[in-house]
Amino acid sequence: MPIKVPGKRYGVRLAKSHFFSGHHSSAKKSTSADLLITPLVDMFVIIVLFLIANFSATGEILNMTKDVQLPTASHVKELDLAPIVVISATDVIMDGVAVARVADLAHEDYLSIPALEERLRESKKQTEELHGAAADGQAFSGDVNIQGHKEIPFKVLKRVMFSCQNAGYGNINFAVLDAGAKAAEGTKTAER
Amino acid sequence: MAGGMDLGTGGGHGKKKALDATINLVPFIDLMAVTISFLIMTAVWTQIGRLQVSSSGGDSDPNQDKDDKLPQITLLLAEKEIKISVGSAQLGDAITNARDDKGQLQLVKVQDLLKKIREQIPDQTAITVQTEDDVRYEDLVRVIDECIGDGLTAVSVSPVAA
(Lines give C-alpha, C1' and ligand atoms only; values in the text may rest on other atoms or scores of the structure.)
Protein backbone atom coordinates (compact mmCIF):
# COMPACT_ATOMS: atom_id res chain seq x y z
CA MET A 1 0.00 0.00 0.00
CA PRO A 2 1.46 3.30 -1.06
CA ILE A 3 2.24 5.91 1.47
CA LYS A 4 -0.14 8.86 1.13
CA VAL A 5 0.31 12.46 2.09
CA PRO A 6 -1.41 13.26 5.39
CA GLY A 7 -4.58 15.30 5.09
CA LYS A 8 -8.25 14.96 4.49
CA ARG A 9 -9.37 11.62 3.13
CA TYR A 10 -12.67 11.57 1.33
CA GLY A 11 -14.63 8.50 0.54
CA VAL A 12 -14.31 6.68 -2.76
CA ARG A 13 -17.27 8.43 -4.27
CA LEU A 14 -16.05 11.88 -3.31
CA ALA A 15 -12.50 11.15 -4.37
CA LYS A 16 -13.69 11.37 -7.93
CA SER A 17 -15.31 14.72 -7.34
CA HIS A 18 -13.54 17.66 -8.91
CA PHE A 19 -14.31 19.92 -5.99
CA PHE A 20 -13.49 17.66 -3.02
CA SER A 21 -10.50 15.99 -4.53
CA GLY A 22 -8.69 19.33 -4.46
CA HIS A 23 -7.85 19.43 -8.15
CA HIS A 24 -9.40 22.85 -8.55
CA SER A 25 -7.17 24.62 -6.05
CA SER A 26 -3.99 26.27 -7.04
CA ALA A 27 -0.65 25.19 -5.80
CA LYS A 28 -0.04 27.25 -2.66
CA LYS A 29 -1.73 30.24 -1.10
CA SER A 30 0.34 33.13 0.00
CA THR A 31 0.75 33.40 3.77
CA SER A 32 0.88 37.22 3.78
CA ALA A 33 -1.97 39.57 2.79
CA ASP A 34 -1.62 43.13 1.63
CA LEU A 35 -3.38 45.67 3.81
CA LEU A 36 -5.08 48.51 1.96
CA ILE A 37 -3.78 51.67 3.58
CA THR A 38 -5.53 54.20 1.28
CA PRO A 39 -9.00 54.07 2.92
CA LEU A 40 -7.38 54.25 6.34
CA VAL A 41 -5.41 57.37 5.40
CA ASP A 42 -8.52 58.92 3.83
CA MET A 43 -10.49 58.32 7.01
CA PHE A 44 -7.71 59.83 9.12
CA VAL A 45 -7.58 62.93 6.96
CA ILE A 46 -11.35 63.43 7.20
CA ILE A 47 -11.31 63.00 11.00
CA VAL A 48 -8.41 65.45 11.37
CA LEU A 49 -10.14 68.06 9.19
CA PHE A 50 -13.42 67.69 11.11
CA LEU A 51 -11.68 68.05 14.48
CA ILE A 52 -9.63 71.05 13.35
CA ALA A 53 -12.80 72.74 12.05
CA ASN A 54 -14.42 72.30 15.49
CA PHE A 55 -11.30 73.29 17.40
CA SER A 56 -11.77 76.09 19.91
CA ALA A 57 -8.65 78.05 20.82
CA THR A 58 -10.25 79.48 23.97
CA GLY A 59 -10.83 76.04 25.44
CA GLU A 60 -13.51 75.17 27.93
CA ILE A 61 -14.25 78.26 30.03
CA LEU A 62 -17.24 76.90 31.89
CA ASN A 63 -17.44 73.65 33.78
CA MET A 64 -20.69 72.01 32.85
CA THR A 65 -22.41 70.14 35.64
CA LYS A 66 -25.61 68.15 35.89
CA ASP A 67 -27.10 70.63 38.36
CA VAL A 68 -26.93 73.52 35.93
CA GLN A 69 -28.91 73.29 32.70
CA LEU A 70 -28.22 76.36 30.61
CA PRO A 71 -30.97 78.03 28.58
CA THR A 72 -30.63 78.19 24.82
CA ALA A 73 -30.19 81.29 22.67
CA SER A 74 -29.38 82.06 19.06
CA HIS A 75 -27.86 85.53 18.92
CA VAL A 76 -24.83 84.95 21.10
CA LYS A 77 -21.27 86.20 21.23
CA GLU A 78 -18.19 84.16 22.04
CA LEU A 79 -17.62 83.61 25.72
CA ASP A 80 -14.68 85.52 27.25
CA LEU A 81 -12.52 84.62 30.18
CA ALA A 82 -14.02 86.31 33.25
CA PRO A 83 -15.06 85.42 36.80
CA ILE A 84 -17.91 82.92 36.79
CA VAL A 85 -20.85 82.94 39.16
CA VAL A 86 -22.77 79.66 39.04
CA ILE A 87 -26.41 79.59 40.09
CA SER A 88 -27.53 75.99 40.38
CA ALA A 89 -30.96 74.87 41.50
CA THR A 90 -29.75 74.85 45.11
CA ASP A 91 -26.67 77.07 45.53
CA VAL A 92 -24.88 80.16 44.31
CA ILE A 93 -21.25 79.18 43.73
CA MET A 94 -18.14 81.18 42.95
CA ASP A 95 -14.68 79.68 42.51
CA GLY A 96 -16.03 76.31 43.59
CA VAL A 97 -17.30 77.65 46.93
CA ALA A 98 -21.01 77.92 47.73
CA VAL A 99 -21.66 81.49 48.86
CA ALA A 100 -25.42 81.34 49.30
CA ARG A 101 -28.38 79.02 49.09
CA VAL A 102 -31.02 79.63 46.46
CA ALA A 103 -33.86 78.75 48.83
CA ASP A 104 -32.69 81.41 51.28
CA LEU A 105 -32.23 84.01 48.56
CA ALA A 106 -35.75 83.40 47.26
CA HIS A 107 -37.27 84.13 50.67
CA GLU A 108 -35.27 87.15 51.75
CA ASP A 109 -36.13 90.64 50.56
CA TYR A 110 -32.61 92.11 50.55
CA LEU A 111 -30.91 92.68 47.23
CA SER A 112 -27.26 92.23 48.14
CA ILE A 113 -25.48 88.91 48.75
CA PRO A 114 -22.55 89.92 51.04
CA ALA A 115 -20.48 86.72 50.66
CA LEU A 116 -20.67 86.93 46.87
CA GLU A 117 -19.80 90.61 46.84
CA GLU A 118 -16.76 89.96 49.02
CA ARG A 119 -15.45 87.28 46.70
CA LEU A 120 -16.04 89.44 43.64
CA ARG A 121 -14.22 92.37 45.24
CA GLU A 122 -11.27 90.07 46.01
CA SER A 123 -11.28 88.89 42.41
CA LYS A 124 -11.38 92.48 41.15
CA LYS A 125 -8.51 93.47 43.43
CA GLN A 126 -6.40 90.54 42.24
CA THR A 127 -7.09 91.34 38.59
CA GLU A 128 -6.16 95.00 39.05
CA GLU A 129 -2.97 94.07 40.92
CA LEU A 130 -1.98 91.62 38.20
CA HIS A 131 -2.54 94.18 35.45
CA GLY A 132 -0.70 96.80 37.51
CA ALA A 133 2.30 94.50 38.04
CA ALA A 134 2.35 93.55 34.39
CA ALA A 135 1.99 97.20 33.38
CA ASP A 136 0.12 96.13 30.28
CA GLY A 137 -2.15 99.18 30.34
CA GLN A 138 -5.30 97.09 30.30
CA ALA A 139 -8.09 98.58 32.34
CA PHE A 140 -10.40 96.42 34.42
CA SER A 141 -13.24 95.44 32.10
CA GLY A 142 -15.84 94.54 34.71
CA ASP A 143 -16.94 91.41 32.86
CA VAL A 144 -18.60 88.62 34.78
CA ASN A 145 -20.19 85.43 33.46
CA ILE A 146 -23.35 84.15 35.11
CA GLN A 147 -23.89 80.44 34.56
CA GLY A 148 -27.46 80.00 35.71
CA HIS A 149 -29.81 77.04 35.81
CA LYS A 150 -32.69 77.71 33.44
CA GLU A 151 -35.39 77.20 36.09
CA ILE A 152 -34.16 79.73 38.66
CA PRO A 153 -36.53 82.61 39.38
CA PHE A 154 -35.60 86.18 38.52
CA LYS A 155 -35.75 87.05 42.21
CA VAL A 156 -32.54 85.08 42.76
CA LEU A 157 -30.94 86.29 39.55
CA LYS A 158 -31.55 89.96 40.33
CA ARG A 159 -29.80 89.57 43.69
CA VAL A 160 -26.77 88.03 41.99
CA MET A 161 -26.78 90.79 39.35
CA PHE A 162 -27.08 93.47 42.02
CA SER A 163 -24.14 91.98 43.93
CA CYS A 164 -22.04 91.89 40.76
CA GLN A 165 -22.92 95.51 40.07
CA ASN A 166 -22.03 96.56 43.62
CA ALA A 167 -18.68 94.79 43.40
CA GLY A 168 -17.79 96.65 40.20
CA TYR A 169 -18.71 93.98 37.67
CA GLY A 170 -21.14 95.94 35.50
CA ASN A 171 -20.75 93.97 32.28
CA ILE A 172 -22.92 90.99 33.00
CA ASN A 173 -22.92 88.07 30.58
CA PHE A 174 -25.43 85.24 30.71
CA ALA A 175 -23.86 81.96 29.64
CA VAL A 176 -26.19 80.14 27.24
CA LEU A 177 -26.08 77.19 24.89
CA ASP A 178 -25.61 78.36 21.34
CA ALA A 179 -28.57 77.16 19.28
CA GLY A 180 -27.23 78.73 16.07
CA ALA A 181 -28.82 81.64 14.28
CA LYS A 182 -29.65 79.64 11.17
CA ALA A 183 -31.57 77.00 13.11
CA ALA A 184 -33.57 79.71 14.88
CA GLU A 185 -34.42 81.39 11.58
CA GLY A 186 -35.64 78.07 10.19
CA THR A 187 -37.83 77.41 13.22
CA LYS A 188 -39.43 80.85 13.11
CA THR A 189 -40.17 80.50 9.43
CA ALA A 190 -41.77 77.14 10.07
CA GLU A 191 -43.87 78.53 12.92
CA ARG A 192 -45.25 81.20 10.62
CA MET B 1 3.30 48.79 0.87
CA ALA B 2 0.62 50.92 -0.73
CA GLY B 3 1.18 54.36 -2.04
CA GLY B 4 3.21 54.19 -5.19
CA MET B 5 4.02 57.31 -7.15
CA ASP B 6 5.04 57.46 -10.81
CA LEU B 7 8.32 59.34 -11.17
CA GLY B 8 8.68 59.06 -14.92
CA THR B 9 11.22 57.08 -16.84
CA GLY B 10 14.35 58.78 -15.59
CA GLY B 11 17.42 59.19 -17.71
CA GLY B 12 18.29 57.14 -20.67
CA HIS B 13 21.63 55.83 -19.45
CA GLY B 14 21.65 52.18 -20.12
CA LYS B 15 20.49 50.70 -16.87
CA LYS B 16 16.72 51.01 -16.40
CA LYS B 17 15.48 52.63 -13.19
CA ALA B 18 12.30 51.55 -11.45
CA LEU B 19 9.17 53.41 -12.51
CA ASP B 20 7.51 53.39 -9.09
CA ALA B 21 8.80 54.83 -5.87
CA THR B 22 7.44 53.64 -2.56
CA ILE B 23 6.44 56.27 -0.03
CA ASN B 24 6.69 55.15 3.55
CA LEU B 25 3.27 55.86 5.01
CA VAL B 26 3.99 54.64 8.52
CA PRO B 27 5.24 58.04 9.88
CA PHE B 28 2.31 59.76 8.21
CA ILE B 29 -0.16 57.44 9.90
CA ASP B 30 1.64 57.90 13.21
CA LEU B 31 1.36 61.68 12.86
CA MET B 32 -2.32 61.39 12.02
CA ALA B 33 -2.96 59.16 15.04
CA VAL B 34 -1.21 61.59 17.38
CA THR B 35 -3.04 64.60 15.88
CA ILE B 36 -6.42 62.89 16.20
CA SER B 37 -5.75 61.93 19.81
CA PHE B 38 -4.69 65.50 20.66
CA LEU B 39 -7.69 67.08 18.93
CA ILE B 40 -10.17 64.69 20.54
CA MET B 41 -8.73 65.34 24.00
CA THR B 42 -8.81 69.12 23.60
CA ALA B 43 -12.13 69.32 21.77
CA VAL B 44 -14.96 71.41 23.27
CA TRP B 45 -18.17 69.63 22.44
CA THR B 46 -20.68 72.02 24.01
CA GLN B 47 -20.97 75.33 22.17
CA ILE B 48 -21.52 77.98 24.81
CA GLY B 49 -22.04 81.66 24.10
CA ARG B 50 -22.98 84.73 26.06
CA LEU B 51 -25.73 87.31 26.03
CA GLN B 52 -24.45 90.65 27.25
CA VAL B 53 -26.82 92.66 29.41
CA SER B 54 -26.53 95.50 31.83
CA SER B 55 -28.53 95.87 34.96
CA SER B 56 -30.32 99.19 35.26
CA GLY B 57 -28.26 101.78 37.09
CA GLY B 58 -25.07 100.29 35.75
CA ASP B 59 -22.15 101.88 33.95
CA SER B 60 -23.23 104.60 31.58
CA ASP B 61 -23.48 103.67 27.95
CA PRO B 62 -21.34 105.80 25.60
CA ASN B 63 -24.39 106.15 23.35
CA GLN B 64 -26.53 107.33 26.23
CA ASP B 65 -26.60 110.98 25.14
CA LYS B 66 -27.76 110.00 21.69
CA ASP B 67 -30.34 107.57 23.08
CA ASP B 68 -31.73 110.14 25.54
CA LYS B 69 -33.34 112.02 22.66
CA LEU B 70 -35.09 108.87 21.47
CA PRO B 71 -38.16 107.41 23.15
CA GLN B 72 -37.24 104.63 25.53
CA ILE B 73 -38.47 101.12 24.75
CA THR B 74 -39.59 99.07 27.71
CA LEU B 75 -40.70 95.46 27.76
CA LEU B 76 -42.54 94.30 30.85
CA LEU B 77 -42.06 90.58 31.32
CA ALA B 78 -44.44 88.91 33.74
CA GLU B 79 -45.16 85.23 34.24
CA LYS B 80 -48.46 85.43 32.33
CA GLU B 81 -48.20 88.48 30.12
CA ILE B 82 -45.85 90.70 28.18
CA LYS B 83 -46.31 94.42 27.61
CA ILE B 84 -44.24 96.63 25.35
CA SER B 85 -44.24 100.40 25.67
CA VAL B 86 -42.48 103.16 23.80
CA GLY B 87 -41.95 106.21 25.95
CA SER B 88 -44.97 106.29 28.23
CA ALA B 89 -47.42 104.81 25.74
CA GLN B 90 -48.14 101.11 25.68
CA LEU B 91 -47.91 99.56 22.23
CA GLY B 92 -50.93 97.39 21.48
CA ASP B 93 -52.58 95.14 24.02
CA ALA B 94 -50.77 93.06 26.56
CA ILE B 95 -49.67 89.72 25.11
CA THR B 96 -51.24 86.95 27.15
CA ASN B 97 -51.31 83.17 26.74
CA ALA B 98 -47.96 83.32 25.01
CA ARG B 99 -47.02 79.77 25.99
CA ASP B 100 -47.41 76.64 23.92
CA ASP B 101 -48.50 73.20 25.16
CA LYS B 102 -45.03 72.48 26.55
CA GLY B 103 -44.98 75.74 28.50
CA GLN B 104 -42.42 77.36 26.17
CA LEU B 105 -42.77 81.08 25.60
CA GLN B 106 -43.83 81.87 22.01
CA LEU B 107 -42.47 85.25 20.97
CA VAL B 108 -43.88 85.69 17.48
CA LYS B 109 -46.14 88.58 18.58
CA VAL B 110 -43.29 90.19 20.49
CA GLN B 111 -41.11 89.90 17.42
CA ASP B 112 -43.75 91.61 15.27
CA LEU B 113 -44.13 94.48 17.73
CA LEU B 114 -40.37 94.96 18.06
CA LYS B 115 -40.03 95.01 14.28
CA LYS B 116 -42.71 97.73 14.06
CA ILE B 117 -40.86 99.75 16.67
CA ARG B 118 -37.56 99.32 14.85
CA GLU B 119 -39.17 100.55 11.64
CA GLN B 120 -40.48 103.63 13.43
CA ILE B 121 -37.33 104.35 15.48
CA PRO B 122 -34.44 102.73 13.62
CA ASP B 123 -31.79 104.62 15.64
CA GLN B 124 -32.94 103.26 18.97
CA THR B 125 -30.97 100.14 19.90
CA ALA B 126 -31.62 100.13 23.64
CA ILE B 127 -34.38 98.32 25.46
CA THR B 128 -35.16 97.83 29.12
CA VAL B 129 -36.60 94.48 30.12
CA GLN B 130 -38.51 94.91 33.36
CA THR B 131 -38.92 91.51 34.89
CA GLU B 132 -41.14 90.26 37.67
CA ASP B 133 -39.65 88.17 40.45
CA ASP B 134 -41.34 84.89 39.53
CA VAL B 135 -40.25 84.86 35.89
CA ARG B 136 -37.96 81.95 35.04
CA TYR B 137 -34.42 82.63 33.89
CA GLU B 138 -35.05 80.65 30.69
CA ASP B 139 -37.93 82.95 29.71
CA LEU B 140 -35.84 86.04 30.40
CA VAL B 141 -33.05 84.69 28.22
CA ARG B 142 -35.49 83.98 25.40
CA VAL B 143 -36.83 87.52 25.53
CA ILE B 144 -33.32 89.02 25.60
CA ASP B 145 -32.32 86.80 22.68
CA GLU B 146 -35.37 87.98 20.74
CA CYS B 147 -34.56 91.63 21.45
CA ILE B 148 -30.95 91.23 20.28
CA GLY B 149 -32.17 89.35 17.21
CA ASP B 150 -34.45 92.26 16.33
CA GLY B 151 -31.61 94.77 16.51
CA LEU B 152 -32.10 96.04 20.05
CA THR B 153 -28.61 95.09 21.12
CA ALA B 154 -28.25 97.20 24.26
CA VAL B 155 -30.44 95.25 26.63
CA SER B 156 -30.71 96.27 30.25
CA VAL B 157 -32.54 94.17 32.79
CA SER B 158 -34.29 95.62 35.79
CA PRO B 159 -36.80 94.43 38.33
CA VAL B 160 -40.33 95.78 38.21
CA ALA B 161 -40.62 98.84 40.38
CA ALA B 162 -42.64 98.08 43.51
# chains A, B, ... in the order shown; residues from 1 in each chain; ligands from 1

$ interface_residues --of "chain A" --to "chain B" --cutoff "7 Å" --atoms "only C-alpha atoms" --output "PyMOL selection string"
chain A and resi 36-37+41+44+48+51+55-56+59-60+71+73-79+150-155+161+165+170-178

$ residues_around --residues "Lys83 in chain B" --least-positions-apart "3" --cutoff "7 Å" --atoms "only C-alpha atoms" --output "PyMOL selection string"
chain B and resi 75-77+94-95

$ closest_residue --among "A:Pro2, A:Met64, A:Pro39, A:Val156" --to "Thr90 in chain A" --atoms "only C-alpha atoms"
A:Val156

$ residues_around --residues "Leu111 in chain A" --least-positions-apart "2" --cutoff "8 Å" --atoms "only C-alpha atoms" --output "PyMOL selection string"
chain A and resi 109+113+158-159+162-163

$ write_last_selection --atoms "N, CA, C and O atoms" --output "mmCIF file, in the first residue's frame"
data_model
loop_
_atom_site.group_PDB
_atom_site.id
_atom_site.type_symbol
_atom_site.label_atom_id
_atom_site.label_comp_id
_atom_site.auth_asym_id
_atom_site.auth_seq_id
_atom_site.Cartn_x
_atom_site.Cartn_y
_atom_site.Cartn_z
ATOM 1 N N ASP A 109 -35.777 89.484 51.378
ATOM 2 C CA ASP A 109 -36.132 90.642 50.556
ATOM 3 C C ASP A 109 -34.959 91.568 50.250
ATOM 4 O O ASP A 109 -35.118 92.548 49.537
ATOM 5 N N ILE A 113 -25.955 90.177 48.190
ATOM 6 C CA ILE A 113 -25.478 88.908 48.755
ATOM 7 C C ILE A 113 -24.049 89.178 49.246
ATOM 8 O O ILE A 113 -23.098 89.169 48.453
ATOM 9 N N LYS A 158 -31.726 88.509 40.159
ATOM 10 C CA LYS A 158 -31.547 89.963 40.335
ATOM 11 C C LYS A 158 -30.638 90.249 41.523
ATOM 12 O O LYS A 158 -29.885 91.222 41.522
ATOM 13 N N ARG A 159 -30.681 89.375 42.529
ATOM 14 C CA ARG A 159 -29.800 89.574 43.691
ATOM 15 C C ARG A 159 -28.341 89.318 43.303
ATOM 16 O O ARG A 159 -27.439 90.029 43.747
ATOM 17 N N PHE A 162 -27.292 92.287 41.180
ATOM 18 C CA PHE A 162 -27.081 93.468 42.021
ATOM 19 C C PHE A 162 -25.735 93.376 42.747
ATOM 20 O O PHE A 162 -24.992 94.361 42.833
ATOM 21 N N SER A 163 -25.415 92.180 43.230
ATOM 22 C CA SER A 163 -24.142 91.983 43.935
ATOM 23 C C SER A 163 -22.965 92.190 42.987
ATOM 24 O O SER A 163 -21.945 92.784 43.376
#

$ atom_distance --atom1 "CA of Ala179 in chain A" --atom2 "CA of Asp123 in chain B"
27.9 Å

$ residues_around --residues "range 91-97 of chain A" --least-positions-apart "2" --cutoff "10 Å" --atoms "only C-alpha atoms" --output "JSON, numbers by chain"
{"A": [67, 83, 84, 85, 86, 87, 88, 89, 99, 100, 101, 102, 103, 104, 105, 113, 115, 116, 119, 120, 123, 146, 147, 148, 156, 157, 160]}

$ select_by_dssp --residues "range 54-156 of chain B" --states "helix (DSSP H, G or I)" --output "JSON, numbers by chain"
{"B": [64, 65, 66, 67, 68, 108, 109, 110, 111, 112, 113, 114, 115, 116, 117, 118, 119, 120, 137, 138, 139, 140, 141, 142, 143, 144, 145, 146, 147, 148, 149]}

$ residues_around --residues "Thr74 in chain B" --least-positions-apart "3" --cutoff "8 Å" --atoms "only C-alpha atoms" --output "mmCIF file with all heavy atoms, in the first residue's frame"
data_model
loop_
_atom_site.group_PDB
_atom_site.id
_atom_site.type_symbol
_atom_site.label_atom_id
_atom_site.label_comp_id
_atom_site.auth_asym_id
_atom_site.auth_seq_id
_atom_site.Cartn_x
_atom_site.Cartn_y
_atom_site.Cartn_z
ATOM 1 N N ILE B 84 -45.326 95.837 25.927
ATOM 2 C CA ILE B 84 -44.240 96.631 25.350
ATOM 3 C C ILE B 84 -44.706 98.079 25.280
ATOM 4 O O ILE B 84 -45.825 98.364 24.821
ATOM 5 C CB ILE B 84 -43.873 96.122 23.941
ATOM 6 C CG1 ILE B 84 -43.380 94.683 24.019
ATOM 7 C CG2 ILE B 84 -42.799 97.010 23.312
ATOM 8 C CD1 ILE B 84 -43.101 94.041 22.703
ATOM 9 N N SER B 85 -43.872 98.979 25.750
ATOM 10 C CA SER B 85 -44.237 100.397 25.674
ATOM 11 C C SER B 85 -43.092 101.208 25.096
ATOM 12 O O SER B 85 -41.912 100.878 25.284
ATOM 13 C CB SER B 85 -44.632 100.922 27.056
ATOM 14 O OG SER B 85 -43.618 100.649 27.977
ATOM 15 N N VAL B 86 -43.463 102.232 24.366
ATOM 16 C CA VAL B 86 -42.483 103.161 23.798
ATOM 17 C C VAL B 86 -42.743 104.510 24.449
ATOM 18 O O VAL B 86 -43.849 105.044 24.332
ATOM 19 C CB VAL B 86 -42.646 103.270 22.273
ATOM 20 C CG1 VAL B 86 -41.634 104.246 21.695
ATOM 21 C CG2 VAL B 86 -42.494 101.913 21.624
ATOM 22 N N GLY B 87 -41.732 105.012 25.138
ATOM 23 C CA GLY B 87 -41.948 106.206 25.949
ATOM 24 C C GLY B 87 -42.899 105.849 27.082
ATOM 25 O O GLY B 87 -42.687 104.868 27.791
ATOM 26 N N ILE B 127 -33.085 98.764 24.919
ATOM 27 C CA ILE B 127 -34.381 98.322 25.461
ATOM 28 C C ILE B 127 -34.180 97.930 26.919
ATOM 29 O O ILE B 127 -33.127 97.403 27.286
ATOM 30 C CB ILE B 127 -34.978 97.161 24.635
ATOM 31 C CG1 ILE B 127 -36.371 96.789 25.166
ATOM 32 C CG2 ILE B 127 -34.068 95.946 24.625
ATOM 33 C CD1 ILE B 127 -37.145 95.854 24.252
ATOM 34 N N THR B 128 -35.197 98.236 27.715
ATOM 35 C CA THR B 128 -35.161 97.831 29.120
ATOM 36 C C THR B 128 -36.181 96.711 29.321
ATOM 37 O O THR B 128 -37.345 96.873 28.964
ATOM 38 C CB THR B 128 -35.521 99.022 30.038
ATOM 39 O OG1 THR B 128 -34.611 100.090 29.753
ATOM 40 C CG2 THR B 128 -35.407 98.644 31.502
ATOM 41 N N VAL B 129 -35.703 95.600 29.842
ATOM 42 C CA VAL B 129 -36.599 94.477 30.120
ATOM 43 C C VAL B 129 -36.892 94.489 31.617
ATOM 44 O O VAL B 129 -36.028 94.169 32.429
ATOM 45 C CB VAL B 129 -35.975 93.135 29.698
ATOM 46 C CG1 VAL B 129 -36.919 91.980 29.999
ATOM 47 C CG2 VAL B 129 -35.614 93.143 28.223
ATOM 48 N N GLN B 130 -38.103 94.920 31.947
ATOM 49 C CA GLN B 130 -38.510 94.914 33.357
ATOM 50 C C GLN B 130 -39.116 93.550 33.661
ATOM 51 O O GLN B 130 -40.055 93.118 32.993
ATOM 52 C CB GLN B 130 -39.540 96.011 33.601
ATOM 53 C CG GLN B 130 -38.921 97.398 33.611
ATOM 54 C CD GLN B 130 -39.904 98.450 34.059
ATOM 55 O OE1 GLN B 130 -41.117 98.282 33.941
ATOM 56 N NE2 GLN B 130 -39.392 99.564 34.548
#

$ residues_around --residues "Ala139 in chain A" --least-positions-apart "6" --cutoff "10 Å" --atoms "only C-alpha atoms" --output "short mmCIF file (atom, residue, chain, number, x, y, z; two decimals) with all heavy atoms, in the first residue's frame"
data_model
loop_
_atom_site.label_atom_id
_atom_site.label_comp_id
_atom_site.auth_asym_id
_atom_site.auth_seq_id
_atom_site.Cartn_x
_atom_site.Cartn_y
_atom_site.Cartn_z
N THR A 127 -7.23 91.03 40.03
CA THR A 127 -7.09 91.34 38.59
C THR A 127 -6.38 92.67 38.40
O THR A 127 -5.48 92.79 37.56
CB THR A 127 -8.49 91.41 37.92
OG1 THR A 127 -9.21 90.25 38.27
CG2 THR A 127 -8.38 91.50 36.41
N GLU A 128 -6.79 93.68 39.18
CA GLU A 128 -6.16 95.00 39.05
C GLU A 128 -4.69 94.96 39.46
O GLU A 128 -3.84 95.60 38.82
CB GLU A 128 -6.93 96.02 39.90
CG GLU A 128 -8.27 96.40 39.26
CD GLU A 128 -9.12 97.31 40.15
OE1 GLU A 128 -8.89 97.34 41.36
OE2 GLU A 128 -10.02 97.96 39.61
N HIS A 131 -2.73 93.27 36.59
CA HIS A 131 -2.54 94.18 35.45
C HIS A 131 -1.56 95.30 35.80
O HIS A 131 -0.78 95.75 34.96
CB HIS A 131 -3.89 94.78 35.02
CG HIS A 131 -4.71 93.83 34.22
ND1 HIS A 131 -4.26 93.21 33.07
CD2 HIS A 131 -5.97 93.36 34.39
CE1 HIS A 131 -5.20 92.43 32.58
NE2 HIS A 131 -6.25 92.49 33.38
N GLY A 132 -1.63 95.76 37.06
CA GLY A 132 -0.70 96.80 37.51
C GLY A 132 0.73 96.31 37.51
O GLY A 132 1.65 97.02 37.07
#

$ select_by_dssp --residues "range 10-55 of chain B" --states "strand (DSSP E)" --output "list in words"
Asp20, Ala21, Thr22, Ile48, Gly49, Arg50, Leu51, Gln52, Val53, Ser54 and Ser55 of chain B
